[in-house]
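Below is input_24.txt, holding compact mmCIF, C-alpha atoms.
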# COMPACT_ATOMS: atom_id res chain seq x y z
CA MET D 1 127.98 107.35 93.91
CA SER D 2 131.56 108.40 94.68
CA HIS D 3 134.56 108.09 92.39
CA ARG D 4 138.23 108.53 92.99
CA GLY D 5 140.30 110.68 90.74
CA PRO D 6 139.37 113.84 88.88
CA LYS D 7 136.16 115.73 89.47
CA PRO D 8 133.36 114.52 87.16
CA PRO D 9 132.22 116.89 84.39
CA PRO D 10 128.87 118.71 84.77
CA GLY D 11 127.11 116.31 82.40
CA PHE D 12 127.76 113.39 84.74
CA SER D 13 125.02 114.58 87.10
CA TYR D 14 122.47 113.55 84.43
CA LEU D 15 123.66 109.93 84.62
CA GLN D 16 124.42 109.77 88.33
CA PRO D 17 121.01 108.72 89.77
CA THR D 18 120.76 105.66 87.51
CA LEU D 19 124.45 104.77 87.90
CA THR D 20 124.09 105.02 91.68
CA ALA D 21 121.09 102.68 91.62
CA LEU D 22 123.10 100.19 89.53
CA SER D 23 126.12 100.43 91.87
CA ASN D 24 123.89 99.74 94.87
CA GLU D 25 122.33 96.78 93.09
CA LEU D 26 125.77 95.44 92.18
CA ARG D 27 126.91 95.72 95.81
CA THR D 28 123.82 93.83 96.94
CA MET D 29 124.42 91.03 94.44
CA VAL D 30 128.08 90.70 95.43
CA ASN D 31 127.19 90.40 99.14
CA ARG D 32 124.21 88.07 98.74
CA SER D 33 124.30 84.40 99.69
CA HIS D 34 125.36 82.07 96.87
CA GLU D 35 124.01 78.96 98.53
CA GLY D 36 122.37 76.61 96.06
CA LEU D 37 123.87 78.36 93.02
CA ARG D 38 126.52 77.08 90.68
CA LYS D 39 129.80 78.99 90.78
CA SER D 40 129.28 80.46 87.31
CA GLU D 41 125.61 81.19 87.98
CA SER D 42 126.46 83.25 91.06
CA ASN D 43 128.40 85.63 88.79
CA TRP D 44 125.52 86.23 86.37
CA PRO D 45 124.15 89.36 88.07
CA ILE D 46 127.61 90.93 88.24
CA ILE D 47 128.24 90.38 84.52
CA GLN D 48 124.71 91.46 83.59
CA ILE D 49 124.76 94.67 85.66
CA THR D 50 128.17 95.55 84.20
CA ASN D 51 126.72 95.04 80.72
CA GLN D 52 123.65 97.14 81.53
CA ARG D 53 125.74 99.97 82.96
CA SER D 54 127.92 100.07 79.84
CA ARG D 55 124.85 99.95 77.59
CA TYR D 56 123.29 102.84 79.50
CA VAL D 57 126.34 105.08 78.94
CA TYR D 58 126.68 103.92 75.32
CA ASP D 59 123.03 104.63 74.47
CA MET D 60 123.06 108.03 76.18
CA TYR D 61 126.07 109.13 74.14
CA TYR D 62 125.83 107.41 70.76
CA LEU D 63 122.07 106.97 70.29
CA HIS D 64 120.20 109.59 72.31
CA LYS D 65 122.95 112.30 72.32
CA LYS D 66 122.15 113.23 75.93
CA ILE D 67 125.73 113.53 77.22
CA ASP D 68 128.85 115.15 75.78
CA ARG D 69 132.20 113.60 74.94
CA LYS D 70 133.79 114.69 78.22
CA THR D 71 131.16 112.85 80.24
CA TYR D 72 131.48 109.74 78.06
CA ASP D 73 135.29 109.73 78.32
CA TYR D 74 135.05 110.19 82.08
CA CYS D 75 132.84 107.08 82.36
CA ILE D 76 135.35 105.10 80.31
CA ARG D 77 138.36 106.27 82.35
CA GLN D 78 136.60 105.56 85.64
CA LYS D 79 135.70 102.00 84.47
CA ILE D 80 131.99 102.79 84.76
CA ALA D 81 131.56 101.61 81.18
CA ASP D 82 133.49 98.73 79.59
CA ALA D 83 135.49 100.23 76.71
CA ALA D 84 136.38 96.82 75.21
CA LEU D 85 132.72 95.72 75.14
CA ILE D 86 131.56 99.03 73.66
CA ALA D 87 134.20 98.72 70.94
CA LYS D 88 132.58 95.43 69.90
CA TRP D 89 129.08 96.94 69.89
CA LYS D 90 130.23 99.34 67.18
CA LYS D 91 131.00 96.42 64.83
CA GLY D 92 128.46 94.67 62.64
CA GLY D 93 127.16 91.43 64.12
CA TYR D 94 128.16 92.34 67.67
CA GLU D 95 125.59 95.07 68.41
CA MET D 96 124.01 93.08 71.28
CA LEU D 97 127.08 91.17 72.52
CA CYS D 98 126.67 90.19 76.18
CA SER D 99 130.36 89.84 77.05
CA ASN D 100 133.76 89.54 75.40
CA TYR D 101 134.14 86.24 77.24
CA VAL D 102 131.64 84.47 74.96
CA ILE D 103 133.61 85.26 71.78
CA THR D 104 137.06 84.32 73.09
CA PRO D 105 137.94 80.94 71.47
CA SER D 106 140.32 79.93 74.28
CA ASN D 107 137.36 79.84 76.70
CA TYR D 108 135.59 77.06 74.78
CA LYS D 109 136.39 73.62 73.49
CA PHE D 110 137.58 73.32 69.90
CA GLY D 111 138.17 77.10 69.73
CA GLY D 112 134.53 78.01 69.22
CA VAL D 113 132.16 80.53 70.78
CA SER D 114 129.24 80.38 73.20
CA ILE D 115 125.87 78.97 72.20
CA CYS D 116 124.36 82.43 72.77
CA ARG D 117 126.34 83.69 69.76
CA VAL D 118 124.81 81.12 67.41
CA PRO D 119 121.74 82.41 65.50
CA LYS D 120 118.53 80.57 66.35
CA SER D 121 118.16 79.39 62.76
CA GLU D 122 121.51 77.56 62.98
CA ARG D 123 121.06 75.89 66.37
CA ARG D 124 120.46 72.16 66.60
CA GLU D 125 118.35 72.65 69.71
CA LYS D 126 115.43 74.97 68.98
CA GLY D 127 114.38 75.53 72.60
CA GLU D 128 115.46 78.24 75.02
CA ILE D 129 119.17 78.39 75.84
CA GLN D 130 121.29 80.23 78.39
CA ASP D 131 125.02 80.71 78.35
CA PRO D 132 126.40 79.05 81.52
CA ASN D 133 128.90 81.86 82.15
CA THR D 134 126.79 85.00 81.55
CA GLY D 135 123.15 83.88 81.61
CA CYS D 136 122.64 85.34 78.12
CA THR D 137 119.67 83.92 76.23
CA GLY D 138 121.06 84.90 72.83
CA CYS D 139 122.92 87.97 71.58
CA ALA D 140 123.32 87.17 67.89
CA SER D 141 122.25 90.05 65.66
CA GLY D 142 118.68 89.72 64.41
CA ASP D 143 117.62 87.29 67.13
CA VAL D 144 116.95 89.86 69.86
CA VAL D 145 113.37 90.94 69.25
CA ASN D 146 112.70 92.96 72.41
CA GLY D 147 116.26 94.14 73.06
CA ASN D 148 116.58 92.11 76.28
CA ILE D 149 119.33 89.51 76.04
CA PHE D 150 119.07 88.39 79.67
CA GLY D 151 115.29 88.19 79.95
CA ASN D 152 115.25 90.11 83.23
CA LYS D 153 115.52 93.68 84.52
CA TYR D 154 119.27 93.73 83.84
CA GLY D 155 118.54 93.40 80.14
CA GLN D 156 116.36 96.50 79.97
CA ARG D 157 117.57 99.53 77.99
CA LEU D 158 117.71 102.04 80.83
CA ALA D 159 118.57 105.04 78.65
CA GLY D 160 115.35 104.64 76.70
CA ILE D 161 113.35 104.15 79.91
CA GLN D 162 114.80 107.30 81.45
CA ILE D 163 114.05 109.41 78.37
CA ALA D 164 110.52 107.95 78.16
CA ARG D 165 109.96 109.03 81.77
CA GLU D 166 111.26 112.52 81.02
CA GLU D 167 108.96 112.88 78.02
CA ARG D 168 105.98 111.65 80.02
CA ARG D 169 106.81 114.10 82.82
CA LYS D 170 107.09 117.01 80.37
CA LYS D 171 103.79 116.03 78.77
CA LYS D 172 102.08 115.96 82.15
CA GLU D 173 103.53 119.36 83.11
CA LEU D 174 102.23 120.86 79.87
CA GLU D 175 98.77 119.36 80.44
CA ASP D 176 98.72 120.65 84.02
CA ALA D 177 99.75 124.13 82.85
CA LYS D 178 96.98 124.17 80.21
CA ASN D 179 94.39 123.01 82.74
CA ALA D 180 95.53 125.63 85.25
CA ALA D 181 95.27 128.37 82.60
CA ALA D 182 91.81 127.20 81.52
CA ASN D 183 90.47 126.80 85.06
CA PRO D 184 92.14 129.34 87.35
CA GLU D 185 91.56 128.60 91.02
CA PRO D 186 90.01 131.34 93.21
CA GLU D 187 92.33 132.94 95.70
CA ASP D 188 92.05 131.27 99.09
CA LYS D 189 91.28 133.50 102.01
CA PRO D 190 93.58 133.06 105.02
CA VAL D 191 92.03 130.97 107.78
CA VAL D 192 92.53 132.36 111.26
CA ASN D 193 92.41 129.88 114.12
CA GLU D 194 91.75 131.84 117.27
CA GLY D 195 92.73 128.93 119.46
CA ASP D 196 96.35 128.85 118.28
CA SER D 197 99.04 131.41 118.87
CA GLU D 198 101.61 132.44 116.28
CA THR D 199 104.33 131.75 118.85
CA ASP D 200 102.94 128.45 120.11
CA ASP D 201 105.87 126.30 121.37
CA SER D 202 103.78 123.25 122.22
CA ASP D 203 104.71 119.82 120.89
CA SER D 204 103.46 119.04 117.39
CA ASP D 205 103.30 115.95 115.22
CA SER D 206 104.00 117.99 112.11
CA ASP D 207 106.65 116.70 109.71
CA ASP D 208 108.25 120.15 109.80
CA ASP D 209 109.51 119.42 113.31
CA PHE D 210 111.81 116.77 111.88
CA GLY D 211 113.03 118.70 108.87
CA PRO D 212 112.31 117.95 105.20
CA ALA D 213 111.50 114.39 104.20
CA ARG D 214 114.32 112.42 102.60
CA PRO D 215 113.93 111.89 98.87
CA ALA D 216 113.10 108.40 97.68
CA PRO D 217 116.02 106.47 96.16
CA ALA D 218 116.30 106.59 92.38
CA GLU D 219 114.60 103.65 90.69
CA ALA D 220 116.60 102.55 87.67
CA TRP D 221 114.27 99.92 86.24
CA GLY D 222 110.94 100.55 84.61
CA ASP D 223 107.60 98.79 84.38
CA ASN D 224 106.30 97.10 81.22
CA GLU D 225 104.87 100.30 79.78
CA GLU D 226 108.06 102.28 80.38
CA ASN D 227 110.18 99.45 78.99
CA GLU D 228 108.10 99.36 75.78
CA GLN D 229 108.38 103.12 75.39
CA GLY D 230 112.11 102.94 76.05
CA LEU D 231 112.62 100.23 73.46
CA LYS D 232 110.64 102.25 70.93
CA LEU D 233 112.78 105.34 71.52
CA THR D 234 115.97 103.28 71.37
CA SER D 235 114.97 101.58 68.12
CA GLN D 236 114.15 104.96 66.58
CA ALA D 237 117.55 106.28 67.68
CA GLU D 238 119.31 103.22 66.22
CA GLU D 239 117.50 103.66 62.90
CA GLY D 240 118.53 107.31 62.83
CA GLU D 241 122.16 106.39 63.52
CA GLU D 242 122.14 103.83 60.68
CA GLU D 243 120.79 106.47 58.27
CA GLU D 244 123.52 108.92 59.33
CA GLU D 245 126.20 106.26 58.75
CA GLU D 246 124.82 105.52 55.27
CA GLU D 247 124.86 109.22 54.38
CA GLU D 248 128.48 109.52 55.54
CA GLU D 249 129.52 106.44 53.56
CA GLY D 250 128.39 107.86 50.23
CA PRO D 251 127.15 105.96 47.16
CA SER D 252 130.48 104.30 46.32
CA LYS D 253 130.79 102.52 49.66
CA LYS D 254 127.13 101.54 49.59
CA LYS D 255 127.68 99.68 46.30
CA GLN D 256 130.73 97.90 47.69
CA ARG D 257 128.82 96.82 50.78
CA ASN D 258 125.87 95.55 48.71
Could you render the structure as structure tokens?
Amino acid sequence: MSHRGPKPPPGFSYLQPTLTALSNELRTMVNRSHEGLRKSESNWPIIQITNQRSRYVYDMYYLHKKIDRKTYDYCIRQKIADAALIAKWKKGGYEMLCSNYVITPSNYKFGGVSICRVPKSERREKGEIQDPNTGCTGCASGDVVNGNIFGNKYGQRLAGIQIAREERRKKKELEDAKNAAANPEPEDKPVVNEGDSETDDSDSDSDDDFGPARPAPAEAWGDNEENEQGLKLTSQAEEGEEEEEEEEEGPSKKKQRN
């Protein structure tokens, strides 16, 4: 993933694999055939990937504290994350907002908002809905049970998935280290093959002849188990952030808010 302008800060390397995967996905969606799709529907993946990319940076900085301010500001300046959308996420009632488009009155008849902003309890139609411009299935606070407003992989909380993977990898490394310490392997004796020469220049099918294997591309999206773990970590981080905000407010502001 290349960016014009200033050199990215060191902390950006932590985000780069996932951001690269999202950029590649965005490029694929832009270049795909739109045959059979409505004009607005063809833009859904672009809007949804942009939302997911901003949410990834937001969660890594504000919730999970995995990147520093310099890295966060760099993502904002380079338009990797949508500053206007993130500003709305910080306000009560807009924590899961899909796009600023759906809350702009001039975009809708009678100066209203999108159906996805209406709480389920206040909707006339009780079935499933989807905003025609973003594909959002509902981003009103309190309605999003599983944290996925699009109902697809672009609605997954990638920061939580990444951290869940890291924790699972660390756990496995610790288990492997304990097993290795408990069951040390005997030293292998070198095997001498008298038929081969140390300076044999004959053709070989070994992978070493072609250099090291290329690493597999970074996979941004997780399976069901990883998504559940990621959501759990994200919800815990959100609860911790709410408690910190209440402590900073003090008792006087709490009474006013209640």
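Distance annotation: of D:Lys7, D:Arg38, D:Arg117, D:Lys66, the residue with the minimal separation from D:Ile163 is D:Lys66; atom set is only C-alpha atoms.
Of the listed residues (D:Tyr108, D:Thr71, D:Glu241, D:Ser99), D:Ser99 comes nearest to D:Trp44; the distances count all atoms listed in the file.
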| query | In Å, with one decimal, what is the gap from atom CA of D:Thr234 to atom CA of D:Asp59? | reply | 7.8 Å
Please report, as AutoDock Vina command-line options, the centre and edge lengths in Å to one decimal of an axis-aligned box covering all listed atoms of stretch 39-57 of chain D with 8 Å per side.
--center_x 126.5 --center_y 92.0 --center_z 84.3 --size_x 22.5 --size_y 42.1 --size_z 29.5
| task | Name all residues at most 9 Å from D:Val57 (count only C-alpha atoms; drop same-chain ones fewer than 3 positions away) and give them as a list of chain:residue names. | result | D:Leu15, D:Gln52, D:Arg53, D:Ser54, D:Met60, D:Tyr61, D:Tyr62, D:Ile67, D:Tyr72, D:Cys75, D:Ile80, D:Ala81, D:Ala159
